[in-house]
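Asks: Can you read through this structure? Questions will come right after.
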Amino acid sequence: MSAGTDALAPVELTPAAAGLLRRLTAAHGPLMFHQSGGCCDGSAPMCYPAGEFRTGGSDVLLAELVVEGVDAPVPFWMSVSQYEAWRHTRLIVDVVEGRGSGFSLEAPEGVRFLIRSRILGTH
């Protein structure tokens, strides 16, 4: 699945998010996302070194994001409860200025990942 090019992909990346993933991969190695159903920063996509966040039966693998210039796909996981609420949407991972959670790798960069969404079947 390409970053932002596959019309059927449940998750896509903006160019800004892809650029940040390239920088984070260069600094930290292979990465992963997890989107929980928590409140506050827990509802933002969290970026971790691959395998750092343990997934299990309460998580769904939505995508393996291919980022140009990054060797390994970036898996995008979501909690089952969050997936039930968002399964009819296309998730767009973007980046905005401001600090997010201290647990997500981008926090020291002064930016944070966030999800924009679009109902599937709309333009």
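As shown in the structure tokens, the chain order sets the letters A, B, ...; within each chain, residues go from 1, and ligands are also counted from 1 in the order they appear.
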Assign secondary structure with DSSP using the backbone only, and return the residues of chain A in strand (DSSP E or B) as JSON, numbers by chain.

Replies: {"A": [2, 11, 12, 13, 31, 32, 33, 34, 35, 46, 47, 48, 49, 59, 60, 61, 62, 63, 64, 65, 66, 74, 75, 76, 77, 78, 79, 89, 90, 91, 92, 93, 94, 95, 96, 97, 111, 112, 113, 114, 115, 116, 117, 118, 119]}

Asks: Residues of chain A classed as helix (DSSP H, G or I) by DSSP on the backbone are to be reported as a list in words.

Replies: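 After running DSSP on the backbone, chain A has helix (DSSP H, G or I) at Pro15, Ala16, Ala17, Ala18, Gly19, Leu20, Leu21, Arg22, Arg23, Leu24, Thr25, Ala26, Ala27, His28, Cys40, Asp41, Gly42, Ser43, Val80, Ser81, Gln82, Tyr83, Glu84, Ala85, Trp86, Ala107, Pro108 and Glu109 of chain A.
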
Asks: What separation in Å, quoted to one decimal, exists between atom CA of Pro49 of chain A and atom CA of Ile92 of chain A?

Replies: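 If I compute the distance from atom CA of Pro49 of chain A to atom CA of Ile92 of chain A, I get 20.3 Å.
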
Asks: I want to know what sits within 8 Å of Cys47 of chain A, based on only C-alpha atoms, with residues of the same chain fewer than 5 positions away left out; could you give that as a compact mmCIF listing (two decimals) with N, CA, C and O atoms, in the first residue's frame?

Replies:
```txt
# COMPACT_ATOMS: atom_id res chain seq x y z
N LEU A 31 9.51 1.43 12.25
CA LEU A 31 8.49 2.05 13.08
C LEU A 31 7.16 1.32 12.98
O LEU A 31 6.95 0.48 12.11
N MET A 32 6.25 1.69 13.87
CA MET A 32 4.87 1.21 13.85
C MET A 32 3.97 2.31 14.41
O MET A 32 4.45 3.19 15.13
N PHE A 33 2.68 2.27 14.05
CA PHE A 33 1.67 3.14 14.65
C PHE A 33 0.70 2.29 15.44
O PHE A 33 0.40 1.16 15.08
N HIS A 34 0.15 2.89 16.50
CA HIS A 34 -1.00 2.31 17.18
C HIS A 34 -1.97 3.43 17.49
O HIS A 34 -1.59 4.47 18.01
N SER A 104 5.05 9.15 22.06
CA SER A 104 5.17 9.01 20.62
C SER A 104 6.49 9.63 20.15
O SER A 104 6.91 10.67 20.66
N LEU A 105 7.15 8.98 19.20
CA LEU A 105 8.51 9.36 18.81
C LEU A 105 8.65 10.79 18.29
O LEU A 105 9.72 11.37 18.36
N GLU A 106 7.58 11.36 17.76
CA GLU A 106 7.70 12.70 17.19
C GLU A 106 7.65 13.81 18.22
O GLU A 106 7.93 14.98 17.92
```

Asks: For each of A:Gly110, A:Leu24, A:Arg87, A:Phe76, take the minimum atom-to-atom distance to Pro45 of chain A, counting only C-alpha atoms, then give the residue where this is smallest.

Replies: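 For Pro45 of chain A, the nearest of the given residues is A:Phe76.
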
Asks: To one decimal place in Å, what is the distance between atom CA of Pro10 of chain A and atom CA of Ser81 of chain A?

Replies: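 These atoms are spaced 16.2 Å apart.
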